[in-house]
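Accompanying notes for the structure given below.
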Amino acid sequence: MEKFTKLTGIAAPMPLVNIDTDMIIPKVFLKTIKRSGLGVNLFDEMRYDRQGNEIEDFVLNKPAYRDAQILVAGDNFGCGSSREHAPWALLDFGIRCVISTSFADIFYNNCFKNGILPIVLPQEDVDKLMDDAERGANATVTVDLENQTITGPDGGEIAFEVDPWRKHCLLNGLDDIGLTLEKGASIDAYEAKMAQDRPWV
């Protein structure tokens, strides 16, 4: 998993509330078990019309936000089904951080496991960042995980909270497999001892 330390990027405003995982990545695209290739279908039903043409008014289709890495969203982001394809699609598009007043629990946990930082802030702070994000290409925001701060385009700083263990995992690029591999030496020693003590197993 790619490490998350400090991210400076364009913030895209998406003030809709209750954006569910089917809106993030519709069920028709859940046939794959690959984490790549889903970005093109992120928010598919909002980004494209029935003929597959881009809908110009959708925020991520606007030139200023095509390379957005941060999403400032409305309340209860990621609700609905527990599909892990939702953070996969966000990450494949290039989104590394989502900021909202609240997230659905399963989506929130899946973000951390896939290298995305979900940040929960009070409504007034989200409103300020949403306003900053409306500036388009000038909406450059810096998210510093080590210092747990968000710096807006005018230099204003907002502090955020994050679980220390999840912070450690993101800073070091450790997903569940990475955490297991950290114990590789102990696992090998245990397997060697088991082979010696129970050669019939």
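If you're wondering about the labels, chains in the structure tokens are A, B, ... by order shown, residues count from 1 in each chain, ligands from 1 in order shown.
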Strand (DSSP E or B) call set, DSSP backbone run, segment 3-198 of chain A, as number ranges by chain: A: 6-14, 20, 48, 54, 70-73, 77, 79, 97-100, 103, 117-120, 140-144, 149-151, 157-159
Hey, which bits of segment 73-106 of chain A sit within 7 Å of segment 3-21 of chain A, and for each residue what's the closest pair of atoms and how far apart in Å (one decimal), counting only C-alpha atoms, rows by chain and increasing number, as a tab-separated table?
```
residue	atom	partner	partner_atom	distance
A:Ala73	CA	A:Met14	CA	4.7
A:Gly74	CA	A:Val17	CA	4.4
A:Asp75	CA	A:Val17	CA	4.8
A:Asn76	CA	A:Asn18	CA	5.0
A:Phe77	CA	A:Ile19	CA	5.1
A:Gly78	CA	A:Asp20	CA	4.7
A:Cys79	CA	A:Asp20	CA	4.4
A:Gly80	CA	A:Asp20	CA	5.1
A:Ser81	CA	A:Thr21	CA	6.2
A:Arg83	CA	A:Thr21	CA	6.9
A:Ala86	CA	A:Thr21	CA	5.8
```
Selected residues written out, N, CA, C and O atoms, as a short mmCIF file (atom, residue, chain, number, x, y, z; two decimals), in the first residue's frame:
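Written file, result-v3.cif:
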```
data_model
loop_
_atom_site.label_atom_id
_atom_site.label_comp_id
_atom_site.auth_asym_id
_atom_site.auth_seq_id
_atom_site.Cartn_x
_atom_site.Cartn_y
_atom_site.Cartn_z
N ALA A 73 -16.94 16.27 0.83
CA ALA A 73 -18.27 15.69 0.59
C ALA A 73 -19.28 16.03 1.68
O ALA A 73 -18.92 16.47 2.77
N GLY A 74 -20.55 15.77 1.35
CA GLY A 74 -21.63 15.97 2.30
C GLY A 74 -21.68 14.86 3.34
O GLY A 74 -20.90 13.90 3.30
N ASP A 75 -22.60 14.98 4.25
CA ASP A 75 -22.73 14.08 5.39
C ASP A 75 -23.03 12.64 4.96
O ASP A 75 -23.64 12.39 3.93
N ASN A 76 -22.55 11.68 5.78
CA ASN A 76 -22.84 10.25 5.62
C ASN A 76 -22.31 9.70 4.30
O ASN A 76 -23.00 8.95 3.59
N PHE A 77 -21.08 10.03 3.99
CA PHE A 77 -20.46 9.57 2.75
C PHE A 77 -20.14 8.07 2.85
O PHE A 77 -19.66 7.60 3.87
N GLY A 78 -20.40 7.33 1.77
CA GLY A 78 -20.06 5.91 1.71
C GLY A 78 -21.07 5.00 2.38
O GLY A 78 -20.73 3.87 2.73
N CYS A 79 -22.31 5.46 2.54
CA CYS A 79 -23.33 4.60 3.14
C CYS A 79 -23.76 3.54 2.13
O CYS A 79 -23.29 3.50 1.01
N GLY A 80 -24.65 2.66 2.54
CA GLY A 80 -25.12 1.60 1.64
C GLY A 80 -24.34 0.32 1.83
O GLY A 80 -23.87 0.01 2.93
N SER A 81 -24.17 -0.44 0.75
CA SER A 81 -23.54 -1.75 0.84
C SER A 81 -22.06 -1.63 1.18
O SER A 81 -21.45 -0.57 1.05
N ARG A 83 -19.34 -2.79 -0.20
CA ARG A 83 -18.39 -3.11 -1.28
C ARG A 83 -17.06 -2.37 -1.15
O ARG A 83 -17.02 -1.14 -1.03
N ALA A 86 -15.64 0.45 -3.73
CA ALA A 86 -15.84 1.90 -3.63
C ALA A 86 -14.52 2.63 -3.36
O ALA A 86 -14.14 3.53 -4.12
#
```
Distance query Met23 of chain A at most 8 Å, only C-alpha atoms, self and fewer than 4 positions along chain excluded, as a list in words: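 Surrounding residues, per the criterion: Ile19, Phe43, Asp44, Glu45 and Met46 of chain A.
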Interatomic distance, atom CA of Ser186 of chain A to atom CA of Asp163 of chain A (Å, one decimal): 26.6 Å
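Closest approach to Ser36 of chain A among A:Arg135, A:His85, A:Arg96, A:Arg198 is made by A:His85 (distances from only C-alpha atoms).
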Selected residue of minimal separation from Glu161 of chain A among A:Asp92, A:Glu124, A:Asp132, A:Glu146, counting only C-alpha atoms: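 Selected residue with least distance to Glu161 of chain A: A:Glu146.
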In segment 44-196 of chain A, DSSP helix (DSSP H, G or I) residues written as a ChimeraX atom specification: /A:44-47,59-61,63-65,85-93,105-113,123-133,136-138,164-172,176-182,184-196
Distance query segment 170-172 of chain A at most 12 Å, only C-alpha atoms, self and fewer than 5 positions along chain excluded, as a ChimeraX atom specification: /A:1-7,96-97,111-118,144-148,162-165,178-179,182
Keeping only N, CA, C and O atoms, write the selected residues as a short mmCIF file (atom, residue, chain, number, x, y, z; two decimals), in the first residue's frame.
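Output file selection.cif is given in full below:
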```cif
data_model
loop_
_atom_site.label_atom_id
_atom_site.label_comp_id
_atom_site.auth_asym_id
_atom_site.auth_seq_id
_atom_site.Cartn_x
_atom_site.Cartn_y
_atom_site.Cartn_z
N MET A 1 0.84 -1.18 0.00
CA MET A 1 0.00 0.00 0.00
C MET A 1 0.88 1.24 0.00
O MET A 1 1.87 1.32 0.73
N GLU A 2 0.54 2.23 -0.82
CA GLU A 2 1.31 3.46 -0.88
C GLU A 2 1.18 4.24 0.43
O GLU A 2 0.10 4.36 0.99
N LYS A 3 2.30 4.77 0.90
CA LYS A 3 2.29 5.55 2.14
C LYS A 3 1.51 6.85 1.96
O LYS A 3 1.47 7.42 0.86
N PHE A 4 0.89 7.29 3.02
CA PHE A 4 0.23 8.60 3.03
C PHE A 4 0.93 9.43 4.10
O PHE A 4 0.84 9.13 5.28
N THR A 5 1.64 10.46 3.68
CA THR A 5 2.33 11.34 4.64
C THR A 5 1.77 12.75 4.54
O THR A 5 1.10 13.23 5.43
N LYS A 6 2.07 13.41 3.41
CA LYS A 6 1.54 14.75 3.17
C LYS A 6 1.04 14.81 1.73
O LYS A 6 1.74 14.41 0.81
N LEU A 7 -0.16 15.30 1.55
CA LEU A 7 -0.78 15.38 0.23
C LEU A 7 -1.17 16.82 -0.07
O LEU A 7 -1.89 17.44 0.70
N ARG A 96 -7.09 10.50 -2.80
CA ARG A 96 -6.36 9.92 -1.67
C ARG A 96 -6.94 10.36 -0.32
O ARG A 96 -6.55 9.84 0.72
N CYS A 97 -7.85 11.34 -0.35
CA CYS A 97 -8.40 11.86 0.90
C CYS A 97 -9.85 12.29 0.67
O CYS A 97 -10.15 12.94 -0.33
N CYS A 111 -11.44 2.48 3.70
CA CYS A 111 -10.56 3.54 3.21
C CYS A 111 -9.16 3.38 3.79
O CYS A 111 -8.15 3.40 3.05
N PHE A 112 -9.07 3.23 5.09
CA PHE A 112 -7.77 3.08 5.74
C PHE A 112 -7.02 1.86 5.21
O PHE A 112 -5.80 1.88 5.05
N LYS A 113 -7.73 0.78 4.94
CA LYS A 113 -7.10 -0.45 4.47
C LYS A 113 -6.62 -0.35 3.03
O LYS A 113 -5.90 -1.24 2.55
N ASN A 114 -7.02 0.72 2.33
CA ASN A 114 -6.64 0.87 0.93
C ASN A 114 -5.84 2.13 0.65
O ASN A 114 -5.65 2.51 -0.51
N GLY A 115 -5.37 2.79 1.70
CA GLY A 115 -4.49 3.94 1.50
C GLY A 115 -5.18 5.27 1.31
O GLY A 115 -4.56 6.24 0.87
N ILE A 116 -6.47 5.34 1.65
CA ILE A 116 -7.21 6.59 1.57
C ILE A 116 -7.43 7.11 2.98
O ILE A 116 -7.78 6.35 3.88
N LEU A 117 -7.22 8.42 3.17
CA LEU A 117 -7.44 9.03 4.48
C LEU A 117 -8.83 9.67 4.53
O LEU A 117 -9.07 10.67 3.86
N PRO A 118 -9.77 9.10 5.30
CA PRO A 118 -11.07 9.75 5.50
C PRO A 118 -10.99 10.65 6.75
O PRO A 118 -10.58 10.20 7.81
N ASP A 144 -1.73 17.17 5.92
CA ASP A 144 -0.51 16.68 6.58
C ASP A 144 -0.92 15.68 7.66
O ASP A 144 -1.42 16.07 8.72
N LEU A 145 -0.73 14.40 7.37
CA LEU A 145 -1.16 13.37 8.31
C LEU A 145 -0.30 13.36 9.57
O LEU A 145 -0.81 13.18 10.67
N GLU A 146 1.00 13.55 9.42
CA GLU A 146 1.90 13.52 10.58
C GLU A 146 1.48 14.55 11.61
O GLU A 146 1.41 14.27 12.81
N ASN A 147 1.18 15.78 11.15
CA ASN A 147 0.81 16.85 12.07
C ASN A 147 -0.70 17.00 12.23
O ASN A 147 -1.16 17.86 12.99
N GLN A 148 -1.46 16.18 11.48
CA GLN A 148 -2.92 16.16 11.55
C GLN A 148 -3.53 17.54 11.32
O GLN A 148 -4.33 18.05 12.10
N VAL A 162 -7.38 11.56 14.25
CA VAL A 162 -7.29 10.26 13.57
C VAL A 162 -6.79 9.24 14.59
O VAL A 162 -5.96 9.57 15.45
N ASP A 163 -7.30 8.03 14.49
CA ASP A 163 -6.87 6.96 15.40
C ASP A 163 -5.37 6.73 15.23
O ASP A 163 -4.87 6.60 14.11
N PRO A 164 -4.61 6.69 16.34
CA PRO A 164 -3.15 6.55 16.26
C PRO A 164 -2.69 5.31 15.48
O PRO A 164 -1.70 5.37 14.74
N TRP A 165 -3.37 4.19 15.66
CA TRP A 165 -2.96 2.97 14.96
C TRP A 165 -3.19 3.09 13.46
O TRP A 165 -2.34 2.73 12.65
N GLY A 178 0.57 -6.23 4.69
CA GLY A 178 1.83 -5.63 5.14
C GLY A 178 2.07 -5.84 6.63
O GLY A 178 3.20 -6.10 7.06
N LEU A 179 1.01 -5.73 7.42
CA LEU A 179 1.13 -5.94 8.86
C LEU A 179 1.53 -7.38 9.16
O LEU A 179 2.34 -7.65 10.06
N GLU A 182 5.20 -8.00 8.37
CA GLU A 182 6.10 -7.46 9.38
C GLU A 182 6.49 -8.52 10.41
O GLU A 182 7.54 -8.44 11.04
#
```
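Checking A:Ala192, A:Ala137, A:Leu38, A:Ala89 one by one against Val59 of chain A, counting only C-alpha atoms, you find the shortest gap at A:Ala137.
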